[in-house]
$ cat model_23.cif   # mmCIF, C-alpha atoms
data_data
#
loop_
_atom_site.label_atom_id
_atom_site.label_comp_id
_atom_site.auth_asym_id
_atom_site.auth_seq_id
_atom_site.Cartn_x
_atom_site.Cartn_y
_atom_site.Cartn_z
CA MET A 1 -35.78 -201.06 73.82
CA VAL A 2 -37.75 -204.10 72.73
CA ALA A 3 -39.07 -205.24 69.34
CA LYS A 4 -42.84 -205.03 68.82
CA PRO A 5 -45.43 -205.94 66.17
CA PHE A 6 -46.41 -203.45 63.48
CA SER A 7 -47.94 -203.58 60.00
CA VAL A 8 -46.86 -203.02 56.40
CA GLY A 9 -48.69 -202.71 53.11
CA PHE A 10 -49.77 -200.17 50.52
CA ARG A 11 -51.96 -197.12 50.09
CA ILE A 12 -55.15 -197.93 48.16
CA GLU A 13 -57.03 -195.25 46.20
CA HIS A 14 -60.60 -195.20 44.90
CA PRO A 15 -62.82 -192.46 43.55
CA GLN A 16 -64.38 -190.81 46.59
CA SER A 17 -67.73 -190.92 44.80
CA LEU A 18 -67.54 -194.75 44.72
CA ILE A 19 -67.02 -194.92 48.49
CA ASP A 20 -69.84 -192.39 49.02
CA ARG A 21 -72.30 -194.48 46.97
CA ALA A 22 -71.31 -197.71 48.71
CA ARG A 23 -71.67 -196.23 52.18
CA PHE A 24 -74.52 -193.72 51.78
CA GLY A 25 -76.55 -195.17 48.90
CA PRO A 26 -79.08 -192.70 47.42
CA SER A 27 -77.98 -190.06 49.94
CA ALA A 28 -74.41 -189.96 48.56
CA GLY A 29 -73.30 -186.43 47.84
CA HIS A 30 -75.59 -184.81 50.39
CA PRO A 31 -73.68 -181.84 51.89
CA ILE A 32 -74.60 -182.79 55.46
CA LEU A 33 -72.95 -186.20 55.08
CA GLY A 34 -69.71 -185.08 53.48
CA ALA A 35 -67.15 -187.66 52.33
CA ALA A 36 -67.68 -191.26 53.48
CA ASP A 37 -65.03 -193.34 55.21
CA TYR A 38 -64.66 -197.05 56.01
CA LYS A 39 -62.96 -199.56 58.30
CA LEU A 40 -62.28 -203.07 57.05
CA VAL A 41 -60.56 -206.20 58.35
CA HIS A 42 -59.99 -209.66 56.89
CA HIS A 43 -58.35 -212.71 58.45
CA ALA A 44 -56.44 -214.43 55.67
CA LYS A 45 -55.88 -218.16 55.28
CA ASN A 46 -52.16 -217.75 55.93
CA GLY A 47 -52.95 -216.50 59.43
CA ARG A 48 -52.37 -212.83 58.66
CA SER A 49 -54.79 -210.01 59.43
CA VAL A 50 -55.38 -207.48 56.66
CA TYR A 51 -57.02 -204.21 57.59
CA SER A 52 -57.59 -200.64 56.49
CA PHE A 53 -55.55 -198.06 58.35
CA CYS A 54 -55.64 -194.26 58.54
CA MET A 55 -58.48 -193.92 56.04
CA CYS A 56 -58.45 -190.46 54.43
CA PRO A 57 -61.78 -189.40 52.83
CA GLY A 58 -61.35 -187.01 49.93
CA GLY A 59 -57.62 -186.97 50.59
CA THR A 60 -54.23 -187.54 49.02
CA VAL A 61 -51.40 -190.04 49.28
CA VAL A 62 -48.32 -188.23 50.54
CA ALA A 63 -44.58 -188.84 50.56
CA ALA A 64 -43.34 -189.60 54.07
CA THR A 65 -39.75 -190.79 53.73
CA SER A 66 -37.22 -189.62 56.28
CA GLU A 67 -34.09 -190.98 54.61
CA GLU A 68 -32.37 -190.66 51.24
CA GLY A 69 -32.98 -193.34 48.64
CA ARG A 70 -36.16 -194.69 50.21
CA VAL A 71 -39.87 -194.31 49.43
CA VAL A 72 -42.56 -194.35 52.13
CA THR A 73 -46.22 -193.44 51.65
CA ASN A 74 -48.80 -192.05 54.04
CA GLY A 75 -52.17 -190.37 53.63
CA MET A 76 -53.94 -187.20 54.67
CA SER A 77 -57.16 -185.27 54.18
CA GLN A 78 -57.61 -181.52 54.10
CA TYR A 79 -60.30 -180.12 56.38
CA SER A 80 -62.61 -179.85 53.34
CA ARG A 81 -62.17 -183.55 52.39
CA ASN A 82 -63.04 -182.67 48.82
CA GLU A 83 -60.20 -184.19 46.78
CA ARG A 84 -61.25 -186.62 44.03
CA ASN A 85 -59.89 -189.79 45.66
CA ALA A 86 -60.36 -191.67 48.90
CA ASN A 87 -57.26 -193.42 50.20
CA ALA A 88 -56.35 -195.70 53.07
CA GLY A 89 -53.51 -197.88 54.19
CA LEU A 90 -54.17 -201.51 53.30
CA VAL A 91 -51.80 -203.27 55.66
CA VAL A 92 -50.90 -206.66 57.10
CA GLY A 93 -49.81 -207.35 60.66
CA ILE A 94 -46.31 -208.70 61.23
CA GLU A 95 -44.53 -209.95 64.34
CA PRO A 96 -40.90 -209.52 65.48
CA GLN A 97 -40.15 -213.11 64.45
CA ASP A 98 -41.09 -212.12 60.87
CA TYR A 99 -38.42 -209.46 60.62
CA ARG A 100 -35.57 -210.74 62.78
CA GLN A 101 -32.24 -210.30 60.98
CA ASP A 102 -30.09 -213.02 62.60
CA GLY A 103 -31.70 -215.89 60.70
CA ARG A 104 -32.80 -217.73 63.82
CA ARG A 105 -36.21 -219.43 63.89
CA ASP A 106 -36.76 -219.81 67.61
CA ASP A 107 -38.54 -217.82 70.31
CA SER A 108 -35.48 -215.91 71.49
CA ALA A 109 -35.66 -212.14 71.80
CA VAL A 110 -35.42 -210.15 68.58
CA ASN A 111 -32.97 -207.26 68.33
CA PRO A 112 -35.06 -204.11 68.85
CA LEU A 113 -33.51 -202.44 65.79
CA ASP A 114 -34.34 -205.32 63.43
CA GLY A 115 -37.71 -203.76 62.62
CA VAL A 116 -35.97 -200.59 61.46
CA ALA A 117 -33.69 -202.66 59.21
CA PHE A 118 -36.79 -204.39 57.82
CA GLN A 119 -38.44 -201.06 57.06
CA ARG A 120 -35.31 -199.73 55.38
CA PHE A 121 -35.01 -202.79 53.13
CA TRP A 122 -38.53 -202.50 51.73
CA GLU A 123 -38.43 -198.72 51.52
CA SER A 124 -35.24 -199.00 49.47
CA ARG A 125 -36.94 -201.59 47.26
CA ALA A 126 -39.84 -199.15 46.70
CA PHE A 127 -37.36 -196.46 45.65
CA GLU A 128 -35.83 -198.92 43.19
CA LEU A 129 -39.19 -200.03 41.78
CA GLY A 130 -40.23 -196.40 41.35
CA GLY A 131 -37.17 -195.75 39.19
CA GLY A 132 -35.61 -193.18 41.52
CA GLY A 133 -36.42 -189.55 42.13
CA TYR A 134 -38.75 -190.55 45.00
CA VAL A 135 -41.37 -191.70 42.49
CA ALA A 136 -43.48 -194.44 44.08
CA PRO A 137 -44.29 -197.80 42.49
CA GLY A 138 -47.98 -198.46 41.82
CA GLN A 139 -50.30 -201.02 40.29
CA ARG A 140 -53.93 -201.24 39.25
CA ILE A 141 -56.00 -203.56 41.44
CA GLY A 142 -57.13 -205.52 38.38
CA ASP A 143 -53.53 -206.21 37.38
CA PHE A 144 -52.49 -207.03 40.94
CA LEU A 145 -55.24 -209.66 41.21
CA LYS A 146 -54.31 -211.09 37.80
CA ARG A 147 -50.61 -211.11 38.70
CA GLN A 148 -49.66 -208.97 35.73
CA ARG A 149 -47.68 -205.75 35.38
CA SER A 150 -49.50 -202.43 35.04
CA SER A 151 -48.34 -200.48 32.01
CA ALA A 152 -50.61 -197.48 32.60
CA PHE A 153 -53.24 -196.22 35.01
CA GLY A 154 -56.94 -196.00 34.21
CA SER A 155 -59.77 -193.91 35.57
CA VAL A 156 -58.20 -193.53 39.02
CA GLU A 157 -55.41 -190.98 38.80
CA PRO A 158 -52.76 -191.37 41.52
CA SER A 159 -52.50 -188.44 43.93
CA TYR A 160 -48.98 -189.15 45.23
CA ARG A 161 -46.31 -186.63 44.29
CA PRO A 162 -43.75 -186.48 42.74
CA GLY A 163 -45.44 -189.30 40.82
CA VAL A 164 -46.27 -193.00 40.55
CA LEU A 165 -44.68 -195.46 38.12
CA PRO A 166 -46.93 -198.31 36.94
CA THR A 167 -45.23 -201.62 37.65
CA ASP A 168 -45.71 -205.08 39.13
CA LEU A 169 -45.67 -204.90 42.92
CA ALA A 170 -45.39 -208.70 43.13
CA GLU A 171 -42.82 -209.38 40.40
CA PRO A 172 -40.92 -212.56 41.38
CA GLY A 173 -37.49 -211.67 42.69
CA ARG A 174 -38.37 -207.98 42.94
CA GLU A 175 -41.41 -208.10 45.22
CA SER A 176 -42.32 -204.82 46.86
CA LEU A 177 -43.15 -206.56 50.16
CA PRO A 178 -42.83 -210.10 51.59
CA ALA A 179 -44.83 -212.77 49.75
CA TYR A 180 -47.06 -213.46 52.76
CA VAL A 181 -48.10 -209.79 52.80
CA LEU A 182 -48.87 -209.78 49.07
CA ASP A 183 -50.82 -213.05 49.30
CA ALA A 184 -52.91 -211.82 52.22
CA ILE A 185 -53.79 -208.55 50.47
CA ARG A 186 -54.66 -210.39 47.25
CA GLU A 187 -57.05 -212.61 49.24
CA ALA A 188 -58.55 -209.70 51.16
CA LEU A 189 -59.51 -207.54 48.18
CA PRO A 190 -62.43 -209.74 46.97
CA ALA A 191 -63.59 -210.07 50.59
CA PHE A 192 -63.64 -206.28 50.95
CA GLU A 193 -65.50 -206.07 47.62
CA ARG A 194 -68.36 -207.97 49.25
CA GLN A 195 -68.55 -205.34 51.97
CA ILE A 196 -68.00 -202.25 49.80
CA PRO A 197 -69.13 -202.81 46.19
CA GLY A 198 -66.42 -201.47 43.91
CA PHE A 199 -63.58 -201.88 46.39
CA ALA A 200 -61.85 -204.27 43.97
CA LEU A 201 -62.47 -201.88 41.06
CA PRO A 202 -59.89 -202.85 38.40
CA ASP A 203 -58.75 -199.24 38.04
CA ALA A 204 -58.37 -198.68 41.79
CA LEU A 205 -54.74 -198.17 42.68
CA LEU A 206 -52.17 -199.61 45.07
CA THR A 207 -49.19 -197.34 45.81
CA GLY A 208 -46.18 -198.63 47.71
CA VAL A 209 -45.06 -198.84 50.35
CA GLU A 210 -46.68 -198.11 53.72
CA THR A 211 -44.21 -199.24 56.39
CA ARG A 212 -44.66 -196.66 59.16
CA THR A 213 -48.03 -197.66 60.59
CA SER A 214 -46.50 -197.64 64.06
CA SER A 215 -43.07 -197.88 65.63
CA PRO A 216 -41.31 -201.24 65.20
CA LEU A 217 -39.91 -200.93 68.74
CA ARG A 218 -40.97 -199.84 72.19
CA ILE A 219 -39.04 -198.12 74.99
CA PRO A 220 -40.40 -199.83 78.12
CA ARG A 221 -41.62 -197.60 80.93
CA GLY A 222 -42.91 -198.15 84.43
CA VAL A 223 -46.19 -197.20 86.07
CA ASP A 224 -44.68 -193.73 86.65
CA ARG A 225 -44.16 -193.51 82.87
CA GLN A 226 -40.40 -193.20 83.24
CA SER A 227 -38.02 -195.43 81.32
CA VAL A 228 -37.32 -198.59 83.29
CA ASN A 229 -33.56 -197.99 83.08
CA VAL A 230 -33.01 -194.27 82.43
CA VAL A 231 -34.19 -192.00 85.22
CA GLY A 232 -35.86 -188.84 83.98
CA LEU A 233 -36.62 -190.21 80.50
CA TYR A 234 -40.35 -190.26 79.75
CA PRO A 235 -40.97 -192.28 76.55
CA ALA A 236 -44.20 -191.15 74.89
CA GLY A 237 -46.14 -191.23 71.65
CA GLU A 238 -45.53 -192.89 68.32
CA GLY A 239 -41.75 -193.19 68.22
CA ALA A 240 -41.55 -194.72 71.68
CA GLY A 241 -44.10 -197.37 70.71
CA TYR A 242 -47.10 -196.14 72.69
CA ALA A 243 -49.48 -194.88 70.03
CA GLY A 244 -50.96 -195.80 66.66
CA GLY A 245 -52.22 -192.50 65.31
CA ILE A 246 -52.54 -188.77 65.91
CA MET A 247 -55.22 -188.98 68.60
CA SER A 248 -53.65 -191.80 70.61
CA ALA A 249 -50.26 -190.07 70.43
CA GLY A 250 -51.81 -186.84 71.69
CA VAL A 251 -53.56 -188.58 74.58
CA ASP A 252 -50.37 -190.42 75.53
CA GLY A 253 -48.44 -187.15 75.46
CA ILE A 254 -50.96 -185.48 77.77
CA GLU A 255 -50.92 -188.36 80.23
CA THR A 256 -47.12 -188.48 80.20
CA ALA A 257 -46.91 -184.73 80.84
CA GLU A 258 -49.30 -185.17 83.76
CA ALA A 259 -47.10 -187.95 85.16
CA LEU A 260 -44.06 -185.69 84.96
CA ALA A 261 -45.94 -182.82 86.61
CA THR A 262 -47.09 -185.16 89.39
CA ALA A 263 -43.50 -186.29 89.95
CA LEU A 264 -42.30 -182.68 90.18
CA LEU A 265 -45.04 -181.69 92.60
CA ALA A 266 -44.26 -184.72 94.77
CA GLY A 267 -40.62 -183.69 94.93
CA ILE A 268 -39.36 -186.90 93.36
CA SER A 269 -35.66 -186.70 92.60
CA LEU A 270 -35.16 -185.91 88.91
CA PRO A 271 -32.17 -184.87 86.82
CA SER A 272 -31.23 -181.20 87.14
CA SER A 273 -32.26 -180.52 83.55
CA LEU A 274 -35.85 -181.53 84.37
CA ARG A 275 -35.92 -179.75 87.72
CA ALA A 276 -34.94 -176.54 85.94
#
$ encode --input "model_23.cif" --output "structure tokens"
Amino acid sequence: MVAKPFSVGFRIEHPQSLIDRARFGPSAGHPILGAADYKLVHHAKNGRSVYSFCMCPGGTVVAATSEEGRVVTNGMSQYSRNERNANAGLVVGIEPQDYRQDGRRDDSAVNPLDGVAFQRFWESRAFELGGGGYVAPGQRIGDFLKRQRSSAFGSVEPSYRPGVLPTDLAEPGRESLPAYVLDAIREALPAFERQIPGFALPDALLTGVETRTSSPLRIPRGVDRQSVNVVGLYPAGEGAGYAGGIMSAGVDGIETAEALATALLAGISLPSSLRA
């Protein structure tokens, strides 16, 4: 296994009607158009890229933790896409050198499990900031930009369940994510406002944390799609580090299955469990 880049950030929620008006203008609400989506990217002064990820029109922010005592957010849309809010991941790219755990600051290889440790740290922090019970921490955009704690939510009601606790996602000493991530997102929001009027709506909501944009490690494979050091192992999809979403994971799975079928038809020696 090898360490790889991935991204971390928050889920951002707006009224779907705001996104519809910004994208469709006078035609917003027309049944043929449905709910509008968006894709945004900003290159921050600190060298980080901030971008929207897994945008969910008329959707909800969902709980996605896989371990006790940690909070992770994701997003989804029903087929109808008719929920009140639009949501998307608002994330910042990070490199293995950002999350290495041994304290070194050179170009040596990073332990492939360091990214998992990094995720667990910030997911545990999100659980703490949410007050327990898998409640997520959240903050109004207006408060986040002003560097002040949110005491309540406004016109945008959070969709995450079991609930969202208003807080300060950038409180010194208890930050919800690394400072360079928070700074990059704070810089990106006004830039995105210029592209989508209302994107920096003071009542729009950030919910933390989104740390599972893609796998923090990769299981290397050869041109035959087998692991480079374990015969008969075919790494594929998200967990193995070869996809960044549902569609790419599906395509990778199909192509990997085809590679396995080709190997079987060619009579390539495989473990007995696969030959059976």
$ residues_around --input "model_23.cif" --residues "Gln78 of chain A" --least-positions-apart "4" --cutoff "10 Å" --atoms "all atoms listed in the file" --output "PyMOL selection string"
chain A and resi 56-60+82-83
$ resolve_selection --input "model_23.cif" --expression "the PyMOL selection byres ((chain A and resi 84-95) around 8)" --output "JSON, numbers by chain"
{"A": [4, 5, 6, 7, 8, 9, 10, 11, 12, 13, 14, 15, 16, 17, 19, 48, 49, 50, 51, 52, 53, 54, 55, 56, 57, 58, 59, 60, 61, 74, 75, 82, 83, 96, 97, 98, 99, 156, 159, 181, 184, 185, 210]}
$ closest_residue --input "model_23.cif" --among "A:Glu157, A:Glu255, A:Glu238, A:Asp183" --to "His43 of chain A" --atoms "all atoms listed in the file"
A:Asp183
$ resolve_selection --input "model_23.cif" --expression "the PyMOL selection byres ((chain A and resi 177) around 9)" --output "list of chain:residue names"
A:Val8, A:Gly9, A:Trp122, A:Arg125, A:Ala126, A:Leu169, A:Ala170, A:Arg174, A:Glu175, A:Ser176, A:Pro178, A:Ala179, A:Tyr180, A:Val181, A:Leu182, A:Gly208, A:Val209
$ atom_distance --input "model_23.cif" --atom1 "atom CA of Val228 of chain A" --atom2 "atom CA of Gly250 of chain A"
22.0 Å
$ atom_distance --input "model_23.cif" --atom1 "atom CA of Ala44 of chain A" --atom2 "atom CA of Phe199 of chain A"
17.2 Å
$ atom_distance --input "model_23.cif" --atom1 "atom CA of Ala259 of chain A" --atom2 "atom CA of Gly239 of chain A"
18.5 Å
$ residues_around --input "model_23.cif" --residues "segment 151-154 of chain A" --least-positions-apart "6" --cutoff "10 Å" --atoms "all atoms listed in the file" --output "PyMOL selection string"
chain A and resi 138-140+143+164-168+202-205
$ closest_residue --input "model_23.cif" --among "A:Ser215, A:Asn111, A:Thr65, A:Gln195" --to "Ala22 of chain A" --atoms "all atoms listed in the file"
A:Gln195
$ closest_residue --input "model_23.cif" --among "A:Leu33, A:Val116, A:Val41, A:Leu260" --to "Glu193 of chain A" --atoms "only C-alpha atoms"
A:Val41
$ residues_near_point --input "model_23.cif" --point "(-39.9, -193.6, 36.2)" --cutoff "9 Å" --atoms "all atoms listed in the file" --output "PyMOL selection string"
chain A and resi 129-133+135-137+163-166
$ residues_around --input "model_23.cif" --residues "Leu145 of chain A" --least-positions-apart "6" --cutoff "9 Å" --atoms "all atoms listed in the file" --output "list in words"
Arg186, Glu187, Leu189, Ala200 and Pro202 of chain A
$ resolve_selection --input "model_23.cif" --expression "the PyMOL selection byres ((chain A and resi 219) around 8)" --output "MDAnalysis selection string"
chainID A and resid 1:2 217:218 220:221 227 235 240:241
$ residues_around --input "model_23.cif" --residues "Ile254 of chain A" --least-positions-apart "6" --cutoff "12 Å" --atoms "all atoms listed in the file" --output "list of chain:residue names"
A:Arg225, A:Tyr234, A:Ala236, A:Gly237, A:Met247, A:Ser248, A:Leu260, A:Ala261
